[in-house]
file coords.cif (mmCIF, C-alpha atoms)
data_structure
loop_
_atom_site.group_PDB
_atom_site.id
_atom_site.type_symbol
_atom_site.label_atom_id
_atom_site.label_comp_id
_atom_site.auth_asym_id
_atom_site.auth_seq_id
_atom_site.Cartn_x
_atom_site.Cartn_y
_atom_site.Cartn_z
ATOM 1 C CA MET A 1 5.039 -10.512 -53.744
ATOM 2 C CA THR A 2 1.453 -10.834 -52.523
ATOM 3 C CA GLU A 3 -0.341 -7.630 -51.530
ATOM 4 C CA LEU A 4 -1.962 -7.923 -48.130
ATOM 5 C CA SER A 5 -3.022 -4.846 -46.240
ATOM 6 C CA ASP A 6 -2.119 -4.048 -42.646
ATOM 7 C CA GLU A 7 -5.845 -4.102 -42.022
ATOM 8 C CA LEU A 8 -6.026 -7.762 -42.895
ATOM 9 C CA LEU A 9 -2.771 -8.625 -41.187
ATOM 10 C CA VAL A 10 -3.693 -6.914 -37.913
ATOM 11 C CA ALA A 11 -7.018 -8.756 -37.918
ATOM 12 C CA TYR A 12 -5.038 -11.956 -38.586
ATOM 13 C CA VAL A 13 -2.648 -11.296 -35.712
ATOM 14 C CA ASP A 14 -5.575 -10.410 -33.432
ATOM 15 C CA GLY A 15 -7.366 -13.624 -34.358
ATOM 16 C CA GLN A 16 -10.344 -11.764 -35.759
ATOM 17 C CA LEU A 17 -10.465 -13.463 -39.161
ATOM 18 C CA VAL A 18 -12.777 -16.321 -39.999
ATOM 19 C CA ARG A 19 -11.172 -19.708 -40.484
ATOM 20 C CA GLU A 20 -11.032 -19.531 -44.268
ATOM 21 C CA GLN A 21 -9.321 -16.149 -44.219
ATOM 22 C CA THR A 22 -6.852 -17.338 -41.610
ATOM 23 C CA ARG A 23 -5.959 -20.334 -43.766
ATOM 24 C CA ALA A 24 -5.501 -18.103 -46.782
ATOM 25 C CA VAL A 25 -3.100 -15.830 -44.894
ATOM 26 C CA ASP A 26 -1.262 -18.862 -43.531
ATOM 27 C CA LYS A 27 -0.670 -20.042 -47.079
ATOM 28 C CA VAL A 28 0.675 -16.669 -48.149
ATOM 29 C CA LEU A 29 3.035 -16.587 -45.185
ATOM 30 C CA GLU A 30 4.527 -19.904 -46.213
ATOM 31 C CA HIS A 31 6.032 -18.496 -49.371
ATOM 32 C CA ASP A 32 6.178 -14.714 -48.921
ATOM 33 C CA ASP A 33 9.005 -13.540 -46.663
ATOM 34 C CA VAL A 34 8.017 -9.868 -46.837
ATOM 35 C CA ILE A 35 4.510 -10.520 -45.572
ATOM 36 C CA ALA A 36 5.868 -12.942 -43.001
ATOM 37 C CA ARG A 37 8.210 -10.285 -41.652
ATOM 38 C CA ARG A 38 5.380 -7.781 -41.455
ATOM 39 C CA VAL A 39 3.222 -10.263 -39.557
ATOM 40 C CA GLU A 40 6.077 -10.900 -37.146
ATOM 41 C CA ALA A 41 6.479 -7.157 -36.596
ATOM 42 C CA LEU A 42 2.751 -6.777 -35.916
ATOM 43 C CA LYS A 43 2.816 -9.762 -33.561
ATOM 44 C CA ASP A 44 5.716 -8.149 -31.764
ATOM 45 C CA ALA A 45 3.747 -4.906 -31.425
ATOM 46 C CA HIS A 46 0.712 -6.846 -30.208
ATOM 47 C CA GLY A 47 2.807 -8.634 -27.583
ATOM 48 C CA ARG A 48 4.399 -5.398 -26.433
ATOM 49 C CA PHE A 49 0.992 -3.782 -25.930
ATOM 50 C CA GLU A 50 -0.144 -6.757 -23.863
ATOM 51 C CA SER A 51 2.979 -6.658 -21.723
ATOM 52 C CA ALA A 52 2.702 -2.904 -21.175
ATOM 53 C CA PHE A 53 -0.891 -3.170 -19.976
ATOM 54 C CA GLU A 54 0.011 -6.122 -17.746
ATOM 55 C CA ALA A 55 2.753 -3.995 -16.218
ATOM 56 C CA ILE A 56 0.269 -1.209 -15.469
ATOM 57 C CA LEU A 57 -2.132 -3.717 -13.913
ATOM 58 C CA ALA A 58 0.673 -5.125 -11.792
ATOM 59 C CA GLY A 59 1.307 -1.601 -10.525
ATOM 60 C CA GLU A 60 -2.371 -1.186 -9.621
ATOM 61 C CA MET A 61 -2.341 -4.498 -7.754
ATOM 62 C CA ILE A 62 0.782 -3.564 -5.810
ATOM 63 C CA GLU A 63 -0.751 -0.226 -4.907
ATOM 64 C CA ILE A 64 -3.970 -1.770 -3.627
ATOM 65 C CA LEU A 65 -2.366 -4.665 -1.761
ATOM 66 C CA ALA A 66 0.139 -2.337 -0.112
ATOM 67 C CA VAL A 67 -2.622 -0.468 1.723
ATOM 68 C CA PRO A 68 -3.718 -2.222 4.946
ATOM 69 C CA MET A 69 -7.422 -2.824 5.298
ATOM 70 C CA LEU A 70 -9.402 -2.179 8.466
ATOM 71 C CA PRO A 71 -10.198 -5.267 10.559
ATOM 72 C CA PRO A 72 -13.839 -6.278 10.485
ATOM 73 C CA ARG A 73 -15.713 -5.024 13.569
ATOM 74 C CA VAL A 74 -19.228 -6.170 12.967
ATOM 75 C CA LYS A 75 -20.350 -9.422 11.484
ATOM 76 C CA ARG A 76 -22.655 -8.976 8.578
ATOM 77 C CA LYS A 77 -26.036 -10.473 9.105
ATOM 78 C CA ARG A 78 -27.356 -12.922 6.605
ATOM 79 C CA GLY A 79 -30.354 -11.970 4.620
ATOM 80 C CA ASN A 80 -29.923 -8.221 5.007
ATOM 81 C CA GLY A 81 -30.683 -5.651 2.346
ATOM 82 C CA LEU A 82 -27.812 -6.653 0.082
ATOM 83 C CA ALA A 83 -29.894 -9.276 -1.636
ATOM 84 C CA LYS A 84 -32.472 -6.683 -2.478
ATOM 85 C CA ILE A 85 -29.966 -4.221 -3.805
ATOM 86 C CA GLY A 86 -28.538 -6.788 -6.155
ATOM 87 C CA ILE A 87 -25.169 -8.141 -7.141
ATOM 88 C CA ALA A 88 -24.281 -5.184 -9.291
ATOM 89 C CA VAL A 89 -24.724 -2.609 -6.541
ATOM 90 C CA VAL A 90 -22.772 -4.740 -4.089
ATOM 91 C CA GLY A 91 -19.915 -4.971 -6.513
ATOM 92 C CA ILE A 92 -19.847 -1.263 -7.025
ATOM 93 C CA GLY A 93 -20.039 -0.615 -3.310
ATOM 94 C CA VAL A 94 -17.127 -2.909 -2.624
ATOM 95 C CA ALA A 95 -15.106 -1.317 -5.366
ATOM 96 C CA LEU A 96 -15.932 2.161 -4.129
ATOM 97 C CA ALA A 97 -15.084 1.259 -0.535
ATOM 98 C CA ALA A 98 -11.753 -0.131 -1.646
ATOM 99 C CA LEU A 99 -11.108 2.886 -3.790
ATOM 100 C CA VAL A 100 -11.839 5.332 -1.009
ATOM 101 C CA GLY A 101 -10.112 3.308 1.710
ATOM 102 C CA GLY A 102 -7.450 1.662 -0.351
ATOM 103 C CA TYR A 103 -6.015 4.711 -1.961
ATOM 104 C CA GLY A 104 -5.522 6.762 1.166
ATOM 105 C CA TRP A 105 -8.319 9.132 2.034
ATOM 106 C CA PRO A 106 -8.122 8.839 5.800
ATOM 107 C CA LEU A 107 -10.866 11.312 6.686
ATOM 108 C CA VAL A 108 -13.367 9.731 4.359
ATOM 109 C CA LEU A 109 -12.262 6.317 5.506
ATOM 110 C CA ARG A 110 -12.965 7.080 9.191
ATOM 111 C CA ALA A 111 -16.293 8.618 8.348
ATOM 112 C CA CYS A 112 -17.333 5.647 6.315
ATOM 113 C CA SER A 113 -15.763 2.905 8.401
ATOM 114 C CA VAL A 114 -18.863 2.114 10.429
ATOM 115 C CA GLY A 115 -21.148 1.840 7.451
ATOM 116 C CA MET A 116 -18.733 0.116 5.188
ATOM 117 C CA THR A 117 -17.205 -2.413 7.548
ATOM 118 C CA GLY A 118 -19.033 -5.214 5.812
ATOM 119 C CA SER A 119 -17.765 -4.167 2.436
ATOM 120 C CA VAL A 120 -14.218 -3.816 3.751
ATOM 121 C CA ALA A 121 -14.469 -7.284 5.215
ATOM 122 C CA THR A 122 -15.445 -8.519 1.799
ATOM 123 C CA MET A 123 -12.450 -6.810 0.264
ATOM 124 C CA GLN A 124 -10.136 -8.434 2.798
ATOM 125 C CA SER A 125 -11.106 -11.819 1.604
ATOM 126 C CA ALA A 126 -10.943 -10.721 -2.015
ATOM 127 C CA PRO A 127 -7.217 -10.172 -2.776
ATOM 128 C CA PRO A 128 -6.315 -13.792 -3.649
ATOM 129 C CA LYS A 129 -9.205 -13.885 -6.115
ATOM 130 C CA ALA A 130 -8.260 -10.536 -7.586
ATOM 131 C CA GLN A 131 -4.669 -11.693 -8.005
ATOM 132 C CA SER A 132 -5.675 -14.800 -9.818
ATOM 133 C CA ALA A 133 -7.850 -12.999 -12.339
ATOM 134 C CA PRO A 134 -6.088 -9.830 -13.367
ATOM 135 C CA SER A 135 -7.790 -9.540 -16.706
ATOM 136 C CA ALA A 136 -10.759 -10.704 -18.679
ATOM 137 C CA ARG A 137 -8.629 -13.132 -20.608
ATOM 138 C CA MET B 1 -12.083 -6.057 -10.768
ATOM 139 C CA LEU B 2 -11.095 -2.816 -9.044
ATOM 140 C CA PRO B 3 -7.484 -2.859 -10.324
ATOM 141 C CA ARG B 4 -8.788 -3.358 -13.848
ATOM 142 C CA LEU B 5 -11.212 -0.461 -13.551
ATOM 143 C CA LYS B 6 -8.480 1.679 -12.076
ATOM 144 C CA ARG B 7 -6.173 0.763 -14.940
ATOM 145 C CA PHE B 8 -8.820 1.696 -17.471
ATOM 146 C CA ALA B 9 -9.430 5.085 -15.850
ATOM 147 C CA ASP B 10 -5.704 5.737 -15.521
ATOM 148 C CA VAL B 11 -4.963 4.816 -19.119
ATOM 149 C CA LEU B 12 -7.899 6.859 -20.382
ATOM 150 C CA VAL B 13 -6.888 9.960 -18.466
ATOM 151 C CA GLY B 14 -3.172 9.261 -18.812
ATOM 152 C CA GLU B 15 -2.483 10.062 -15.208
ATOM 153 C CA LYS B 16 -2.878 8.318 -11.844
ATOM 154 C CA ARG B 17 -4.386 11.003 -9.630
ATOM 155 C CA GLU B 18 -6.999 12.125 -12.138
ATOM 156 C CA GLY B 19 -7.675 8.512 -13.045
ATOM 157 C CA LYS B 20 -8.464 7.678 -9.445
ATOM 158 C CA ALA B 21 -10.745 10.685 -9.140
ATOM 159 C CA LEU B 22 -12.536 9.764 -12.364
ATOM 160 C CA LEU B 23 -13.063 6.200 -11.188
ATOM 161 C CA ARG B 24 -14.445 7.398 -7.861
ATOM 162 C CA ARG B 25 -16.909 9.740 -9.546
ATOM 163 C CA ALA B 26 -17.967 7.035 -11.983
ATOM 164 C CA LEU B 27 -18.563 4.497 -9.221
ATOM 165 C CA LEU B 28 -20.589 6.997 -7.217
ATOM 166 C CA ARG B 29 -22.665 7.715 -10.272
ATOM 167 C CA MET B 30 -23.203 4.017 -10.869
ATOM 168 C CA LEU B 31 -24.369 3.588 -7.294
ATOM 169 C CA ALA B 32 -26.767 6.491 -7.640
ATOM 170 C CA ASP B 33 -28.050 5.217 -10.984
ATOM 171 C CA HIS B 34 -27.973 1.508 -10.205
ATOM 172 C CA HIS B 35 -31.531 1.187 -11.483
ATOM 173 C CA ARG B 36 -30.084 1.667 -14.979
ATOM 174 C CA TYR B 37 -28.118 -1.537 -14.660
ATOM 175 C CA GLN B 38 -29.518 -4.171 -16.966
ATOM 176 C CA ARG B 39 -29.488 -7.682 -15.592
ATOM 177 C CA GLY B 40 -27.129 -9.901 -17.540
ATOM 178 C CA THR B 41 -24.728 -7.134 -18.425
ATOM 179 C CA PRO B 42 -21.230 -7.996 -17.228
ATOM 180 C CA LEU B 43 -20.451 -5.594 -14.419
ATOM 181 C CA ASP B 44 -16.990 -4.779 -15.716
ATOM 182 C CA ARG B 45 -18.335 -3.784 -19.120
ATOM 183 C CA TRP B 46 -20.953 -1.577 -17.529
ATOM 184 C CA ALA B 47 -18.299 0.040 -15.365
ATOM 185 C CA PHE B 48 -15.929 0.602 -18.290
ATOM 186 C CA THR B 49 -18.750 2.187 -20.248
ATOM 187 C CA GLU B 50 -19.749 4.478 -17.392
ATOM 188 C CA ILE B 51 -16.168 5.557 -16.789
ATOM 189 C CA TYR B 52 -15.732 6.379 -20.452
ATOM 190 C CA ARG B 53 -19.031 8.256 -20.745
ATOM 191 C CA LEU B 54 -18.316 10.308 -17.656
ATOM 192 C CA TRP B 55 -14.830 11.160 -18.883
ATOM 193 C CA LEU B 56 -16.175 12.211 -22.264
ATOM 194 C CA ALA B 57 -19.012 14.271 -20.778
ATOM 195 C CA GLU B 58 -16.649 16.093 -18.442
ATOM 196 C CA LEU B 59 -14.157 16.667 -21.202
ATOM 197 C CA ARG B 60 -16.783 18.279 -23.394
ATOM 198 C CA ASP B 61 -17.652 20.675 -20.568
ATOM 199 C CA HIS B 62 -14.069 21.752 -20.162
ATOM 200 C CA ALA B 63 -13.046 25.185 -21.375
ATOM 201 C CA ASP B 64 -10.159 23.788 -23.405
ATOM 202 C CA PRO B 65 -11.031 20.125 -23.989
ATOM 203 C CA LEU B 66 -8.354 19.382 -26.553
ATOM 204 C CA ARG B 67 -5.654 20.544 -24.199
ATOM 205 C CA GLN B 68 -7.311 18.818 -21.275
ATOM 206 C CA ALA B 69 -7.340 15.498 -23.141
ATOM 207 C CA LYS B 70 -3.578 15.478 -23.516
ATOM 208 C CA ALA B 71 -1.558 13.792 -20.828
ATOM 209 C CA SER B 72 2.109 14.442 -20.345
ATOM 210 C CA GLU B 73 4.492 11.623 -21.109
ATOM 211 C CA GLU B 74 5.915 11.946 -17.600
ATOM 212 C CA ASP B 75 2.491 11.468 -16.025
ATOM 213 C CA PHE B 76 1.762 8.477 -18.205
ATOM 214 C CA ASP B 77 5.104 6.944 -17.370
ATOM 215 C CA ARG B 78 4.104 6.979 -13.692
ATOM 216 C CA LEU B 79 1.326 4.510 -14.442
ATOM 217 C CA PHE B 80 3.990 1.838 -14.621
ATOM 218 C CA PRO B 81 5.395 0.373 -11.401
ATOM 219 C CA THR B 82 8.418 2.148 -9.987
ATOM 220 C CA ASP B 83 10.158 -1.155 -9.427
ATOM 221 C CA ARG B 84 10.851 -1.949 -13.059
ATOM 222 C CA GLY B 85 12.709 -5.031 -14.071
ATOM 223 C CA ALA B 86 15.315 -5.277 -16.770
ATOM 224 C CA ASP B 87 12.671 -6.372 -19.249
ATOM 225 C CA PHE B 88 10.624 -3.182 -18.855
ATOM 226 C CA ASP B 89 9.663 -1.940 -22.306
ATOM 227 C CA ALA B 90 10.253 1.798 -22.087
ATOM 228 C CA PHE B 91 9.905 2.126 -25.845
ATOM 229 C CA THR B 92 6.318 0.893 -25.877
ATOM 230 C CA ALA B 93 5.492 2.795 -22.690
ATOM 231 C CA THR B 94 6.612 6.027 -24.340
ATOM 232 C CA PHE B 95 4.698 5.159 -27.479
ATOM 233 C CA LEU B 96 1.486 4.575 -25.550
ATOM 234 C CA GLY B 97 1.925 7.818 -23.668
ATOM 235 C CA GLN B 98 1.959 9.708 -26.936
ATOM 236 C CA LEU B 99 -1.288 8.218 -28.218
ATOM 237 C CA PRO B 100 -4.639 10.006 -27.928
ATOM 238 C CA PRO B 101 -6.816 8.777 -25.032
ATOM 239 C CA GLN B 102 -9.329 6.903 -27.141
ATOM 240 C CA GLN B 103 -6.680 5.047 -29.055
ATOM 241 C CA ARG B 104 -4.960 4.074 -25.820
ATOM 242 C CA SER B 105 -8.262 2.899 -24.373
ATOM 243 C CA THR B 106 -9.012 0.865 -27.461
ATOM 244 C CA LEU B 107 -5.656 -0.870 -27.219
ATOM 245 C CA LEU B 108 -6.251 -1.544 -23.542
ATOM 246 C CA LEU B 109 -9.676 -3.069 -24.063
ATOM 247 C CA VAL B 110 -8.563 -5.325 -26.923
ATOM 248 C CA TYR B 111 -4.995 -6.205 -25.930
ATOM 249 C CA GLY B 112 -5.187 -5.681 -22.177
ATOM 250 C CA GLU B 113 -8.703 -6.912 -21.438
ATOM 251 C CA GLY B 114 -9.109 -9.322 -24.319
ATOM 252 C CA PHE B 115 -12.321 -7.764 -25.592
ATOM 253 C CA ASP B 116 -13.304 -8.443 -29.158
ATOM 254 C CA TYR B 117 -13.852 -5.507 -31.477
ATOM 255 C CA GLU B 118 -17.607 -5.437 -30.902
ATOM 256 C CA ASP B 119 -17.369 -5.361 -27.113
ATOM 257 C CA ALA B 120 -14.697 -2.681 -27.219
ATOM 258 C CA ALA B 121 -16.908 -0.655 -29.544
ATOM 259 C CA ARG B 122 -19.839 -0.919 -27.147
ATOM 260 C CA VAL B 123 -17.753 0.343 -24.244
ATOM 261 C CA LEU B 124 -16.389 3.238 -26.245
ATOM 262 C CA ASP B 125 -19.684 4.174 -27.903
ATOM 263 C CA SER B 126 -18.188 3.439 -31.280
ATOM 264 C CA ASN B 127 -18.324 0.732 -33.924
ATOM 265 C CA ALA B 128 -16.141 -2.235 -34.800
ATOM 266 C CA ASP B 129 -14.711 -0.551 -37.887
ATOM 267 C CA THR B 130 -13.454 2.390 -35.881
ATOM 268 C CA ILE B 131 -11.992 0.062 -33.265
ATOM 269 C CA GLN B 132 -10.209 -1.869 -35.967
ATOM 270 C CA ALA B 133 -8.926 1.325 -37.573
ATOM 271 C CA ARG B 134 -7.437 2.452 -34.261
ATOM 272 C CA LEU B 135 -5.767 -0.911 -33.741
ATOM 273 C CA ILE B 136 -4.327 -0.930 -37.227
ATOM 274 C CA ARG B 137 -2.986 2.577 -36.856
ATOM 275 C CA ALA B 138 -1.374 1.877 -33.501
ATOM 276 C CA SER B 139 -0.026 -1.576 -34.340
ATOM 277 C CA ALA B 140 1.362 -0.546 -37.695
ATOM 278 C CA SER B 141 2.842 2.597 -36.205
ATOM 279 C CA LEU B 142 4.574 0.745 -33.382
ATOM 280 C CA ALA B 143 5.844 -1.905 -35.787
ATOM 281 C CA ASP B 144 7.238 0.811 -38.038
ATOM 282 C CA ARG B 145 8.809 2.695 -35.141
ATOM 283 C CA LEU B 146 10.388 -0.457 -33.790
ATOM 284 C CA SER B 147 12.047 -1.083 -37.110
ATOM 285 C CA SER B 148 13.227 2.529 -37.300
ATOM 286 C CA GLY B 149 14.159 2.657 -33.607
ATOM 287 C CA SER B 150 12.298 5.865 -32.795
ATOM 288 C CA PRO B 151 9.176 6.109 -30.599
ATOM 289 C CA ALA B 152 6.223 7.583 -32.419
ATOM 290 C CA ARG B 153 5.109 11.157 -32.318
ATOM 291 C CA VAL B 154 1.520 10.430 -33.085
ATOM 292 C CA GLN B 155 -0.697 12.769 -34.996
ATOM 293 C CA ALA B 156 -3.275 14.600 -32.937
ATOM 294 C CA SER B 157 -6.225 13.939 -35.239
ATOM 295 C CA ALA B 158 -7.569 11.183 -33.014
ATOM 296 C CA THR B 159 -7.729 13.642 -30.143
ATOM 297 C CA ILE B 160 -10.298 15.586 -32.103
ATOM 298 C CA GLU B 161 -12.350 12.434 -32.450
ATOM 299 C CA THR B 162 -12.292 12.280 -28.675
ATOM 300 C CA LEU B 163 -14.744 15.142 -28.653
ATOM 301 C CA TYR B 164 -16.529 14.835 -31.917
ATOM 302 C CA PRO B 165 -17.576 11.370 -33.094
ATOM 303 C CA VAL B 166 -16.411 9.996 -36.416
ATOM 304 C CA GLU B 167 -19.914 10.167 -37.773
ATOM 305 C CA ALA B 168 -19.941 13.936 -37.300
ATOM 306 C CA THR B 169 -16.457 14.787 -38.516
ATOM 307 C CA GLY B 170 -15.580 12.086 -41.010
ATOM 308 C CA ILE B 171 -12.217 11.818 -39.247
ATOM 309 C CA ARG B 172 -11.151 8.288 -38.614
ATOM 310 C CA PRO B 173 -8.164 7.724 -36.364
#

call {"tool": "encode", "arguments": {"input": "coords.cif", "output": "structure tokens"}}
result
Amino acid sequence: MTELSDELLVAYVDGQLVREQTRAVDKVLEHDDVIARRVEALKDAHGRFESAFEAILAGEMIEILAVPMLPPRVKRKRGNGLAKIGIAVVGIGVALAALVGGYGWPLVLRACSVGMTGSVATMQSAPPKAQSAPSAR
Amino acid sequence: MLPRLKRFADVLVGEKREGKALLRRALLRMLADHHRYQRGTPLDRWAFTEIYRLWLAELRDHADPLRQAKASEEDFDRLFPTDRGADFDAFTATFLGQLPPQQRSTLLLVYGEGFDYEDAARVLDSNADTIQARLIRASASLADRLSSGSPARVQASATIETLYPVEATGIRP
């Protein structure tokens, strides 16, 4: 039996090995049933982790989409200060507005509704995009 | 991106309510410190990093940080949707709930977000070797437990690393 460590096999399963190493492990798997079974077990574990995290993300999506957003009241003017603030700050603002409004803080929501209407309007058009890109993969 | 950030905060804390509060504080801090944002940095990576740093800083200030870092299995279980299909993997959910926060977060970044080891290390203020060690430990442990049919009761050593970096303690999860 060939001795291959879990360290190497996990890196193999995760696709972190360079091509030559991957080929070498592939060759071992062709004739070593013990190693092959271990790789299958690690692949199974890998797949279960992925599925578990997808399930959590699905729960987050359901939670956010279940909360109704406020209708837009004021049209955002083009060329306002957002361009100066930058894309990063806008993204954070939108996320924060959705967090505060979308997870049920009614008092804060009413207080912020005037100032954040533009951001909320952005969030209303965002769900289809968010659904289509649940992860970085 | 918000659901992904929320998931990261929830998984790190191990609980929904505290996760939401952590995310809110982190986003507020990012808004206040937006001048620290470096152009070209992916926003999600910056946000993950800020969430993690804030969590760690607050944990260190806590009177009993080791106890504070532990989430109950019941709380962690609530991270999963209530409407669970027949294919829901309760075994793995329980296993994840028993892991220390940093190990859970590592698994999330690599297997949930698709980060490579280096990117995950940057988010978690660590290095690729430590990330790999966490993945090996968790993957091998789950594989072993699946073959034995018993969810893991994971050692608490990695929780210590939560507060004191590997470089300082020599402990590697």

call {"tool": "interface_residues", "arguments": {"input": "coords.cif", "of": "chain B", "to": "chain A", "cutoff": "8 Å", "atoms": "only C-alpha atoms", "output": "count of residues only"}}
result
37

call {"tool": "atom_distance", "arguments": {"input": "coords.cif", "atom1": "CA of Val123 (chain B)", "atom2": "CA of Asp44 (chain B)"}}
result
10.0 Å

call {"tool": "atom_distance", "arguments": {"input": "coords.cif", "atom1": "CA of Thr49 (chain B)", "atom2": "CA of Phe91 (chain B)"}}
result
29.2 Å

call {"tool": "resolve_selection", "arguments": {"input": "coords.cif", "expression": "the PyMOL selection byres ((chain B and resi 75) around 9)", "output": "list of chain:residue names"}}
result
B:Gly14, B:Glu15, B:Lys16, B:Ala71, B:Ser72, B:Glu73, B:Glu74, B:Phe76, B:Asp77, B:Arg78, B:Leu79, B:Gly97

call {"tool": "atom_distance", "arguments": {"input": "coords.cif", "atom1": "CA of Asp10 (chain B)", "atom2": "CA of Arg134 (chain B)"}}
result
19.1 Å
